[in-house]
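Have a look at the structure below before the remarks.
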Amino acid sequence: MLENMSPVSKDASSKEWKLIEKLLQKSLSEQGRTRRWGIFFKLLTFVYLFGLLWMLHPSSWNLRLEETGEPHTAMVQVMGEIAEDSDANANDIGEGLRRAFEAKNAKAVLLNINSPGGSPVQSNMVYQEIRRLRQLHPEKKVYAAITDMGASGAYYIASAADEIYAEPASIVGSIGVISPGFGFTGLMEKLGIERRVVSSGKDKAMLDPFSPVNPEEAEHFQSLLTEVHQQFIAAVKLGRGARLVDDPKIFSGLFWTGESAKTLGLIDGIASPGKVAREIIHANDIIDYSIKADPFDQLISRFGASLSAGMVSALNRGVMR
């Protein structure tokens, strides 16, 4: 088509194509520059957010306070249900306790407790770890401060401390063991449902909620609960000693307010965690050595998950095309 054009037309057409080419090159250059600046600002924002998280994260402030050489109260929290898969698990609490005891500027260790209890196994593991660390670091006393509740397994842990404090209205005690359950045999009969279970070993299906109660099985299970209860009682007596009054109700599973618990010798006094640090330990500054989910790990985990999801999505789009 260009062959049929006059020299003037060819020259004009060539100039137009060169102009279009320059415009396209400029456009591509601008897009590349914009993309590079976009990546730069995204990275800058990412670094800024990381820095902000580090500044706001309690551990960074704790580290600075520790580096100053100032004496402080080393706190470890026991919050919520005590269980292997909860925040209040023996491994994390134990690690927090070890960090607290090993802190060279910590005057004492403070257990900040607000828990209804939970696993007797997890509770005993923490109890034993406190006693072990007390022997390794005899210069550091351990105080327990109960806020809303320090019952059952939570009190089990508290009894390992040198002294226990609580609020006047705190719930304290519940030294007992329970294993709740249900029975559905009457309901099944009304609905015409037949229970079928196959087991190897005559006691393998013990206490099946869909079968009538077997007296021998119930007696065996009761002996297990009694054994665990006796372990609980022995731990409390070892920890509290002569401070406990001679009253069998203490070990019946009952619980009391902080005021009543004091008269029974379950606690040593009325005080909040802050008051214990301020007036008993005499170290106003409190550093929390509890093991908590790291926001950096959470952010990286979410970022990694988003990146993986994006890659999978892009791959899927590529496959579907």
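Every chain in the structure tokens takes a letter, A first, then B, and so on in the order presented; its residues are numbered from 1, and the ligands are numbered from 1 following the presented order.
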
message = Which residues are close to A:Val109, i.e. within 6 Å by only C-alpha atoms, leaving aside same-chain residues fewer than 3 positions away? Reply as a list in words.
response = Ala74, Met75 and Val142 of chain A

Taking all heavy atoms for each residue, export the selection above as a PDB file, in the first residue's frame.
```pdb
ATOM      1  N   ALA A  74       8.824  -9.707  87.734  1.00  0.00           N
ATOM      2  CA  ALA A  74       8.695 -10.572  86.562  1.00  0.00           C
ATOM      3  C   ALA A  74       7.349 -11.291  86.619  1.00  0.00           C
ATOM      4  O   ALA A  74       7.121 -12.136  87.484  1.00  0.00           O
ATOM      5  CB  ALA A  74       9.832 -11.584  86.522  1.00  0.00           C
ATOM      6  N   MET A  75       6.446 -10.924  85.714  1.00  0.00           N
ATOM      7  CA  MET A  75       5.088 -11.474  85.745  1.00  0.00           C
ATOM      8  C   MET A  75       4.903 -12.572  84.699  1.00  0.00           C
ATOM      9  O   MET A  75       5.411 -12.485  83.589  1.00  0.00           O
ATOM     10  CB  MET A  75       4.067 -10.365  85.490  1.00  0.00           C
ATOM     11  CG  MET A  75       2.615 -10.838  85.550  1.00  0.00           C
ATOM     12  SD  MET A  75       1.432  -9.477  85.378  1.00  0.00           S
ATOM     13  CE  MET A  75       1.649  -9.095  83.632  1.00  0.00           C
ATOM     14  N   VAL A 142       8.171 -16.382  94.864  1.00  0.00           N
ATOM     15  CA  VAL A 142       7.075 -16.447  93.897  1.00  0.00           C
ATOM     16  C   VAL A 142       5.783 -16.043  94.597  1.00  0.00           C
ATOM     17  O   VAL A 142       5.445 -16.572  95.658  1.00  0.00           O
ATOM     18  CB  VAL A 142       6.913 -17.865  93.317  1.00  0.00           C
ATOM     19  CG1 VAL A 142       5.798 -17.892  92.274  1.00  0.00           C
ATOM     20  CG2 VAL A 142       8.214 -18.343  92.710  1.00  0.00           C
TER      21      VAL A 142
END
```

Judged by only C-alpha atoms, the minimum distance to A:Pro116 among A:Glu189, A:Thr73, A:Leu133, A:Phe255 is found for A:Phe255

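Look at A:Gly241: the protein and nucleic acid residues within 12 Å of it, using only C-alpha atoms and passing over chain neighbours fewer than 6 places away, are Ser159, Ala160, Ala161, Asp162, Glu163, Ile233, Ala234, Ala235, Gly265, Leu266 and Ile267 of chain A.
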
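Of the listed residues A:Leu238, A:Val76, A:Leu225, A:Leu191, the one whose atoms come nearest to A:Tyr156 is A:Leu238, with distances taken using only C-alpha atoms.
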
key: Residues of stretch 171-312 of chain A in strand (DSSP E or B), written as a ChimeraX atom specification   = /A:171-173,255-257,269-270,286-288

Restricting it to all heavy atoms, dump the selection as a PDB file, in the first residue's frame.
```pdb
ATOM      1  N   ILE A 171     -13.030 -15.456  93.269  1.00  0.00           N
ATOM      2  CA  ILE A 171     -13.470 -16.825  93.532  1.00  0.00           C
ATOM      3  C   ILE A 171     -12.224 -17.693  93.701  1.00  0.00           C
ATOM      4  O   ILE A 171     -11.401 -17.790  92.792  1.00  0.00           O
ATOM      5  CB  ILE A 171     -14.340 -17.367  92.388  1.00  0.00           C
ATOM      6  CG1 ILE A 171     -15.595 -16.502  92.218  1.00  0.00           C
ATOM      7  CG2 ILE A 171     -14.733 -18.814  92.653  1.00  0.00           C
ATOM      8  CD1 ILE A 171     -16.474 -16.436  93.450  1.00  0.00           C
ATOM      9  N   VAL A 172     -12.119 -18.307  94.878  1.00  0.00           N
ATOM     10  CA  VAL A 172     -10.907 -19.054  95.229  1.00  0.00           C
ATOM     11  C   VAL A 172     -11.286 -20.441  95.742  1.00  0.00           C
ATOM     12  O   VAL A 172     -12.254 -20.595  96.485  1.00  0.00           O
ATOM     13  CB  VAL A 172     -10.090 -18.307  96.312  1.00  0.00           C
ATOM     14  CG1 VAL A 172      -8.832 -19.090  96.666  1.00  0.00           C
ATOM     15  CG2 VAL A 172      -9.734 -16.903  95.848  1.00  0.00           C
ATOM     16  N   GLY A 173     -10.507 -21.451  95.362  1.00  0.00           N
ATOM     17  CA  GLY A 173     -10.700 -22.790  95.934  1.00  0.00           C
ATOM     18  C   GLY A 173     -11.118 -23.812  94.902  1.00  0.00           C
ATOM     19  O   GLY A 173     -10.459 -24.007  93.901  1.00  0.00           O
ATOM     20  N   PHE A 255     -15.945 -23.474  96.891  1.00  0.00           N
ATOM     21  CA  PHE A 255     -15.111 -22.303  96.606  1.00  0.00           C
ATOM     22  C   PHE A 255     -15.641 -21.122  97.399  1.00  0.00           C
ATOM     23  O   PHE A 255     -16.801 -21.092  97.833  1.00  0.00           O
ATOM     24  CB  PHE A 255     -15.082 -21.996  95.102  1.00  0.00           C
ATOM     25  CG  PHE A 255     -16.430 -22.019  94.436  1.00  0.00           C
ATOM     26  CD1 PHE A 255     -17.239 -20.887  94.428  1.00  0.00           C
ATOM     27  CD2 PHE A 255     -16.881 -23.169  93.813  1.00  0.00           C
ATOM     28  CE1 PHE A 255     -18.479 -20.906  93.815  1.00  0.00           C
ATOM     29  CE2 PHE A 255     -18.122 -23.193  93.196  1.00  0.00           C
ATOM     30  CZ  PHE A 255     -18.923 -22.060  93.201  1.00  0.00           C
ATOM     31  N   TRP A 256     -14.768 -20.149  97.604  1.00  0.00           N
ATOM     32  CA  TRP A 256     -15.089 -19.015  98.475  1.00  0.00           C
ATOM     33  C   TRP A 256     -14.652 -17.698  97.827  1.00  0.00           C
ATOM     34  O   TRP A 256     -13.913 -17.688  96.840  1.00  0.00           O
ATOM     35  CB  TRP A 256     -14.359 -19.172  99.817  1.00  0.00           C
ATOM     36  CG  TRP A 256     -14.813 -20.339 100.623  1.00  0.00           C
ATOM     37  CD1 TRP A 256     -15.789 -20.351 101.571  1.00  0.00           C
ATOM     38  CD2 TRP A 256     -14.316 -21.677 100.572  1.00  0.00           C
ATOM     39  NE1 TRP A 256     -15.938 -21.612 102.098  1.00  0.00           N
ATOM     40  CE2 TRP A 256     -15.041 -22.453 101.493  1.00  0.00           C
ATOM     41  CE3 TRP A 256     -13.321 -22.306  99.815  1.00  0.00           C
ATOM     42  CZ2 TRP A 256     -14.823 -23.805 101.702  1.00  0.00           C
ATOM     43  CZ3 TRP A 256     -13.098 -23.661 100.001  1.00  0.00           C
ATOM     44  CH2 TRP A 256     -13.838 -24.395 100.945  1.00  0.00           C
ATOM     45  N   THR A 257     -15.096 -16.603  98.436  1.00  0.00           N
ATOM     46  CA  THR A 257     -14.592 -15.289  98.030  1.00  0.00           C
ATOM     47  C   THR A 257     -13.186 -15.113  98.601  1.00  0.00           C
ATOM     48  O   THR A 257     -12.750 -15.883  99.475  1.00  0.00           O
ATOM     49  CB  THR A 257     -15.486 -14.159  98.559  1.00  0.00           C
ATOM     50  OG1 THR A 257     -15.426 -14.172 100.008  1.00  0.00           O
ATOM     51  CG2 THR A 257     -16.917 -14.307  98.098  1.00  0.00           C
ATOM     52  N   GLY A 269      -3.443 -12.825 101.824  1.00  0.00           N
ATOM     53  CA  GLY A 269      -3.876 -11.459 102.005  1.00  0.00           C
ATOM     54  C   GLY A 269      -4.706 -10.975 100.830  1.00  0.00           C
ATOM     55  O   GLY A 269      -4.880 -11.673  99.831  1.00  0.00           O
ATOM     56  N   ILE A 270      -5.219  -9.758 100.979  1.00  0.00           N
ATOM     57  CA  ILE A 270      -6.042  -9.126  99.946  1.00  0.00           C
ATOM     58  C   ILE A 270      -5.184  -8.110  99.200  1.00  0.00           C
ATOM     59  O   ILE A 270      -4.695  -7.136  99.792  1.00  0.00           O
ATOM     60  CB  ILE A 270      -7.266  -8.423 100.564  1.00  0.00           C
ATOM     61  CG1 ILE A 270      -8.117  -9.429 101.362  1.00  0.00           C
ATOM     62  CG2 ILE A 270      -8.094  -7.740  99.491  1.00  0.00           C
ATOM     63  CD1 ILE A 270      -8.703 -10.558 100.525  1.00  0.00           C
ATOM     64  N   ILE A 286       6.639  -3.666  86.066  1.00  0.00           N
ATOM     65  CA  ILE A 286       6.278  -5.068  85.827  1.00  0.00           C
ATOM     66  C   ILE A 286       6.616  -5.433  84.387  1.00  0.00           C
ATOM     67  O   ILE A 286       6.211  -4.746  83.449  1.00  0.00           O
ATOM     68  CB  ILE A 286       4.778  -5.312  86.078  1.00  0.00           C
ATOM     69  CG1 ILE A 286       4.419  -4.992  87.540  1.00  0.00           C
ATOM     70  CG2 ILE A 286       4.406  -6.753  85.735  1.00  0.00           C
ATOM     71  CD1 ILE A 286       2.934  -5.108  87.840  1.00  0.00           C
ATOM     72  N   ILE A 287       7.372  -6.501  84.219  1.00  0.00           N
ATOM     73  CA  ILE A 287       7.662  -7.029  82.890  1.00  0.00           C
ATOM     74  C   ILE A 287       6.921  -8.352  82.737  1.00  0.00           C
ATOM     75  O   ILE A 287       7.017  -9.231  83.592  1.00  0.00           O
ATOM     76  CB  ILE A 287       9.173  -7.255  82.675  1.00  0.00           C
ATOM     77  CG1 ILE A 287       9.904  -5.916  82.672  1.00  0.00           C
ATOM     78  CG2 ILE A 287       9.426  -7.983  81.362  1.00  0.00           C
ATOM     79  CD1 ILE A 287      11.394  -6.030  82.419  1.00  0.00           C
ATOM     80  N   ASP A 288       6.160  -8.467  81.656  1.00  0.00           N
ATOM     81  CA  ASP A 288       5.395  -9.679  81.389  1.00  0.00           C
ATOM     82  C   ASP A 288       6.264 -10.656  80.589  1.00  0.00           C
ATOM     83  O   ASP A 288       6.595 -10.403  79.434  1.00  0.00           O
ATOM     84  CB  ASP A 288       4.128  -9.328  80.606  1.00  0.00           C
ATOM     85  CG  ASP A 288       3.181 -10.514  80.474  1.00  0.00           C
ATOM     86  OD1 ASP A 288       3.558 -11.629  80.908  1.00  0.00           O
ATOM     87  OD2 ASP A 288       2.067 -10.331  79.952  1.00  0.00           O
TER      88      ASP A 288
END
```

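Once A:Pro273 and its same-chain neighbours fewer than 3 positions away are set aside, A:Leu110, A:Asn112, A:Ala145, A:Ile146, A:Thr147, A:Val276, A:Ala277 remain within 8 Å of it when counting only C-alpha atoms.
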
How would the residues just picked look written out with all heavy atoms as a JSON list (two decimals), in the first residue's frame?
```json
[["chain", "number", "residue", "atom", "x", "y", "z"],
["A", 110, "LEU", "N", 5.84, -13.02, 89.75],
["A", 110, "LEU", "CA", 4.44, -12.82, 90.08],
["A", 110, "LEU", "C", 3.56, -13.60, 89.10],
["A", 110, "LEU", "O", 3.60, -13.37, 87.90],
["A", 110, "LEU", "CB", 4.08, -11.33, 90.02],
["A", 110, "LEU", "CG", 2.61, -10.97, 90.19],
["A", 110, "LEU", "CD1", 2.12, -11.38, 91.58],
["A", 110, "LEU", "CD2", 2.39, -9.47, 89.96],
["A", 112, "ASN", "N", 0.09, -13.95, 87.68],
["A", 112, "ASN", "CA", -1.17, -13.22, 87.54],
["A", 112, "ASN", "C", -2.22, -14.21, 87.06],
["A", 112, "ASN", "O", -2.22, -14.63, 85.91],
["A", 112, "ASN", "CB", -1.00, -12.07, 86.54],
["A", 112, "ASN", "CG", -2.24, -11.20, 86.46],
["A", 112, "ASN", "OD1", -3.17, -11.35, 87.25],
["A", 112, "ASN", "ND2", -2.26, -10.29, 85.51],
["A", 145, "ALA", "N", -1.18, -13.83, 92.41],
["A", 145, "ALA", "CA", -2.23, -12.82, 92.60],
["A", 145, "ALA", "C", -3.44, -13.23, 91.76],
["A", 145, "ALA", "O", -3.37, -13.26, 90.53],
["A", 145, "ALA", "CB", -1.73, -11.45, 92.19],
["A", 146, "ILE", "N", -4.52, -13.57, 92.43],
["A", 146, "ILE", "CA", -5.75, -14.01, 91.78],
["A", 146, "ILE", "C", -6.64, -12.79, 91.56],
["A", 146, "ILE", "O", -6.87, -12.01, 92.49],
["A", 146, "ILE", "CB", -6.48, -15.06, 92.62],
["A", 146, "ILE", "CG1", -5.61, -16.33, 92.74],
["A", 146, "ILE", "CG2", -7.84, -15.42, 92.02],
["A", 146, "ILE", "CD1", -6.13, -17.32, 93.77],
["A", 147, "THR", "N", -7.16, -12.64, 90.34],
["A", 147, "THR", "CA", -8.07, -11.52, 90.08],
["A", 147, "THR", "C", -9.52, -12.02, 90.16],
["A", 147, "THR", "O", -10.03, -12.19, 91.25],
["A", 147, "THR", "CB", -7.76, -10.87, 88.72],
["A", 147, "THR", "OG1", -7.75, -11.86, 87.69],
["A", 147, "THR", "CG2", -6.39, -10.20, 88.75],
["A", 276, "VAL", "N", 0.62, -6.08, 94.81],
["A", 276, "VAL", "CA", 1.65, -7.03, 95.21],
["A", 276, "VAL", "C", 3.01, -6.56, 94.72],
["A", 276, "VAL", "O", 4.01, -6.58, 95.47],
["A", 276, "VAL", "CB", 1.34, -8.45, 94.65],
["A", 276, "VAL", "CG1", 2.52, -9.38, 94.89],
["A", 276, "VAL", "CG2", 0.08, -9.01, 95.29],
["A", 277, "ALA", "N", 3.07, -6.13, 93.45],
["A", 277, "ALA", "CA", 4.34, -5.64, 92.90],
["A", 277, "ALA", "C", 4.81, -4.39, 93.64],
["A", 277, "ALA", "O", 6.00, -4.24, 93.95],
["A", 277, "ALA", "CB", 4.18, -5.34, 91.41]]
```

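Distance-wise, atom CA of A:Ile281 and atom CA of A:Ala106 end up 10.1 Å apart.
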
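The two atoms in question, atom CA of A:Tyr143 and atom CA of A:Leu244, are spaced 17.1 Å apart.
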
Skipping near chain neighbours, those fewer than 4 positions away, what residues fall within 8 Å of stretch 85-101 of chain A using only C-alpha atoms, listed as a PyMOL selection string? chain A and resi 74-81+106+108-109+122-123+125-126+129-130+133+137+140+289-292

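The environment of A:Phe210 within 7 Å, counting only C-alpha atoms and disregarding residues fewer than 2 places along the same chain, consists of Gly183, Phe184, Thr185, Arg195, Asp208 and Pro212 of chain A.
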
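If you measure from each of A:Glu227, A:Glu167, A:Asp148, A:Asp285 to A:Lys262 using only C-alpha atoms, the closest one turns out to be A:Glu167.
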
>> Run DSSP on the backbone and tell me which residues of stretch 149-279 of chain A come out as alpha helix (DSSP H); list them as a ChimeraX atom specification.
In response: /A:153-158,185-191,215-240,258-264,273-275

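Of note, atom CA of A:Asp247 and atom CA of A:Gly150 are spaced 19.7 Å apart.
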
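Taking only C-alpha atoms into account, A:Val228 lies nearest to A:Val121 out of the set A:Val245, A:Val121, A:Leu23, A:Met149.
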